[in-house]
Every structure is written in structure tokens, then in C-alpha cells.
Amino acid sequence: MRDITFGQYIPSDSVIHRLDPRVKLVLLFAYIISTFCTFNFYALSVPLVFAVLCIFLSKIPFRQYMKSMKAVFAVILITSVLNLFYGHGEVIFEWVFIKITRSALNNSAFIVVRILCLIISSAVLTFTTTPTDLTDAIERLMKPLKVFHINVHSIAMMMTIALRFVPTLLEETDKIMMAQKARGADLESGGVLQRVKALIPILIPLFVSAIQRAMDLAMAMECRCYNGGKGRTRMKVLSIHSRDIMGIVVFIFSLTLLIIFDIFIAHTVR
Amino acid sequence: MKTIIHTENLSLTYGLKTPFEKKAVDDLNIDIYEGEFLGIIGHTGSGKSSLVQMLNGLIKPTQGKIFLNGKDIHADKKKLREVRFKVGMVFQYPEYQLFEETVYKDIAFGPINKGITGTELDSCIRDAARFTGLNEILFDKSPFELSGGEKRRAAISGIIAMTPDVLILDEPTAGLDPQGRDRLLRQINTYHKAKSNTIVLVSHSMEDIARYADRILVMNKGRCEMLGTAKEVFSQGEKLSEMGLRVPQITSIVQKLRANGIELPADILTVEQAYFEISKLLDKRGYIQ
Ligand SMILES: Nc1ncnc2c1ncn2[C@@H]1O[C@H](COP(=O)(O)OP(=O)(O)OP(=O)(O)O)[C@@H](O)[C@H]1O
Ligand SMILES: [Mg+2]
């Protein structure tokens, strides 16, 4: 239960950790879009190199990235295998009814690299940014939505609280599971229906305590005169430093490179 | 005396091979005898909860073995569930495990899992409720409508109803009022006397442990520091205070009196004992007519 690494902050002291969360968030979006606008391997190598660079700069052991990739391993496998069977042209492998063409192989490899890029880049963001910083950034970036009477502050607050309670709830689940196992609850055997039924003794106490916690938290917030975001100031004010500018410049440079490759080299993959 | 639980080089490390590695239990070799009341004391974080959770197979030790009636409990994975019926475990703050519609059904959860049915089930439940002092009027209520103390009793009943050979209680009185605490412990002791089964009680209260435990295990930084009768353990007051523990209040008072030349026995552990000895002394000196 506790070794879920995807979306977990890993403290360290690196350039990427110190980047402004808004910059990181915007760059991640731009990066994801640009990764989808690559049409040949030269262009795709740019985001790949960029991702590897981020891994090095983040000073987080590669093992952690491996773990988060493991979580989506099945997805990668299925998409790549399915893609192997679609394609025309030169056949390089044939067995009974299975035909694999060169273009299909290329295609499949291309998609795998693309997915890896996406996973690594989002992992870099979540590993190097605390959840509070992240929601802070989201709140700032969504500020313009106030024009449409959307309460940006409340949304950000809800996200912060939800993220804050993920580890707490995991710990609680662990505890309840142990207590019910001590009463002979059998969570491992039986058919689907039986297994779902076996979850009831765990889910009910979990909901009860979650609701209790929510009410306690609401009370505690009210006791400290919380009344939404109006007039609230911040302890840590986000500000753009030279390293953020540097990050943006490096990204724009690689984006330019990507576009050049896209335009001047023939499409190898479609 | 017959050994019921035996541990061999028992060790537990949390977060093995991560930066958060933490040795909670360190090379523990102990015997728990059948029918005894064993108290476990230790500073906070000394590994008491981790130890007792290993004793019924809820946590797997990173090293070493646990024997129940001479059999390694992790030898056969399928038998692990049976071990949990034999070694009942009441967690710290057990009330969060309540989930059924009614208190009665909730107490029945454990025994039904064990395979008890019919009239035997009913008598198990009623017996358990009697031992913890849970009023039968509450049986049809939702467990969420009970008071804190009643919830605690209902939760403990749920374990006792499984009629375990060994009952482990991890700070069962935490968060109860003084009267409720005394009553609950008295009832647990009555249960122990009536069924003559083995009890393991983890507690921070030296007074409670001194009153009820036959033997005491003192844990410090995951290791077994002392294991002996209450008299043996509490005669080493200095060693205890080095570990952030102390002797029962009444024992330290008697020790101060002795230091001032008043001839009282050294091994007084409860207020009743002290009362008895002091009145005997006063009687001898002629203060009481
Ligand atoms: N699930 C866990 N993951 C990581 N470390 C843990 C976990 N549970 C306990 N620990 C650590 O193991 C050590 C022993 O904890 P344990 O709960 O056994 O202590 P304890 O003696 O029961 O303390 P207390 O008297 O406060 O209940 C502590 O240092 C604790 O931080
Ligand atoms: Mg504990």
C-alpha cells in the first residue's frame, strides 16, 4: 500500500527542485504538446534528450523513475504490441498469420519512446514539486478564470487538502486492514463477489474516519477564521528567478530544434 | 511451565533498503508461558506494538522466527489465518475496526470467520460482552452511536468472542477515563482468571502493569532489556529511569521511606500492599489503638 511512488515528492536540492512551480507546470504542458508534434525520430530525439537531461539535473535516483514507469508498464506493452500488427510495406517477419512490417516496427518503437517521455516528464514534475507548491501554481495560473466567476481559490484549496490526505488515508487503510485481518477477515481468497464483499469491513471504517476527519478539519479551519481566499496573503510568494528564465530559454531552444527537424526531414512515421 | 509462544532472533526493520530504514525490533529471544499474564513496558517508539503485531503474524519479521505451540507460524502461509484465531489481537484505539449495522453483528464478525455457528456463536458473543462489561441493551444499536468507552468495549469483545488462547492487548485503556480504565483492566483480569488463558498487555501505566502482570518484559530501542517478575523488574529503579521509565509511584514512595529508616519491605508494588504494611508497622509501634 505504501510503496506507491507515482506522484510523490522526493526532497532533494537540485536546480529542478528550485524552479518556480508555475514555470515547471507550463513547461510540462508545452513539452507534452510538443512531444505529440514529432513526426520523425530526429524530432523525437529532442524531447528524449530533454527528459534525460531533466533526470540528471533532478538529482533523484534513476530507480525512482523506474518504479513510476513500472506502474504503466502494462499500458506501454499493450500499445506497442498492438501497433506491431498495423502497417504496410516491406515485411520483415512472418509466421503463420502474423506479419510484421518495418513501418509497424518503427511505429511501435516511436510510440513507446513517446509514452516514456510523457511519464518521465510528469514524474520529474511530481518528484521535484511539493503538492502545496503545485496547487499554488495551479491557483496562480487559473487566476484569469475569475472572469467567469469560477472560485479558483476554493478549487486550489480542495486540491491541496485532497493531496495532503492521501498518505494519511493510505496509512489508515493499512491499519484497518490489519485490524480486520486480526479478526480473521480473508482478503486474499475467493471469487470476485466474495472479494468485493470482503472489502466492506475495510471501506466502512475508512469512510467513517474520513468523514470524521473532514468535519474536524472544517471545524479547525473555521476556528482559525478561514473564510476563503479573500484578502489572504502568502508566506512564500512565488517569484521568477534567472534560473527560471534559463529553463525557459533551454526549452525554447529545444523546441526550435524539434520544429526544424520536423520540417526539414521527411516523415518516417505516420 | 509450558511455553506457548517462543521467538528466535526476532528482528523487524521498517523500510528496508530505503533512506527511511528503521530497526523497530532487534534480535529478540523470549518465551511466553501458557496461562501467564505478561506485561510489556517501554518508552514510546521502543517497538512494543511492532513486536505484538508480529506475534500473531500480521507483520512478517525481517529476520528470525516465531513459534506458537512449537510450530513456526510462517512455515505454512495457509495456516496463518488459524494463528490469528489462536492469538487474538486488540489494537491501540480498536474502535475504528467497527463496521457492522449492529453491535451484536460486529462482535460476531470474528467468531463467524472462525467458523463458529448457532447457539455456540450466541454464547460466545454474550460471554465476551460480559467479560468486557458491555451492556446487552446495546446489542441492537449501531456501533457508531456508542460512547467512546462503549465502542472500546465492543471492539475488545469482538476479539474475546473468538475465544483466542492468547489475548494481546496494545494499550487497551488509552484515552479512557480513570474509572473506565480501572474497570476495564479488572474485567480483563477476571477474564484471565476465569479462562486461565494467556494475556499479553502493553501499557504505559506502571501501576496497572505492577498490579496485574505475573511477569514483565521491558523493551528499549527494540531490544529486550529485562524480563522477570514485577518484583525483579521494579527493584531496578535506576536502570528503568535510564530508559525513560519509572517504578510505580507507591513503590518509589516506599523506597524513600525506607531510605529514611522506616522498616518497610522493599517489594511493595500496589497501594493496597503499602496500606497493609504501613498499618502493620503503625500497629507494632502502638499508634493504632
Ligand atoms: N509502519 C511503520 N513504518 C515505518 N516505521 C514504523 C512503522 N511503525 C512503527 N515504526 C517505527 O518503529 C519504531 C517502533 O514503533 P512501535 O509502534 O513498535 O513503538 P511502540 O513501542 O509501540 O510505541 P508507543 O508506545 O508510542 O505505541 C518507531 O520508531 C516507529 O517510528
Ligand atoms: Mg504502540
# chains A, B, ... in the order shown; residues from 1 in each chain; ligands from 1
$ residues_near_ligand --ligand "ligand 1" --cutoff "6 Å" --atoms "only C-alpha atoms and all ligand atoms" --output "ChimeraX atom specification"
/B:14,24,44-50
$ interface_residues --of "chain A" --to "chain B" --cutoff "12 Å" --atoms "only C-alpha atoms" --output "number ranges by chain"
A: 2-3, 10-11, 61, 63-64, 172-189, 198-210, 212
$ residues_around --residues "Gly39 in chain B" --least-positions-apart "4" --cutoff "7 Å" --atoms "only C-alpha atoms" --output "list of chain:residue names"
B:Val200, B:Leu201, B:Val202, B:Ile209, B:Ala213, B:Arg215, B:Ile216, B:Leu217
$ residues_around --residues "Val23 in chain A" --least-positions-apart "5" --cutoff "9 Å" --atoms "only C-alpha atoms" --output "PyMOL selection string"
chain A and resi 28+137+240+244-245+247-248
$ select_by_dssp --residues "range 52-269 of chain B" --states "alpha helix (DSSP H)" --output "ChimeraX atom specification"
/B:52-55,80-86,103-114,118-132,148-160,178-195,206-212,230-234,237-242,249-259
$ closest_residue --among "B:Ala128, B:Ala194, B:Ile5, B:Leu257" --to "Lys86 in chain B" --atoms "only C-alpha atoms"
B:Ile5
$ atom_distance --atom1 "CA of Ile33 in chain A" --atom2 "CA of Leu258 in chain A"
11.9 Å
$ residues_around --residues "range 144-155 of chain A" --least-positions-apart "3" --cutoff "12 Å" --atoms "only C-alpha atoms" --output "VMD selection string"
chain A and resid 135 to 141 158 to 162 226 to 232
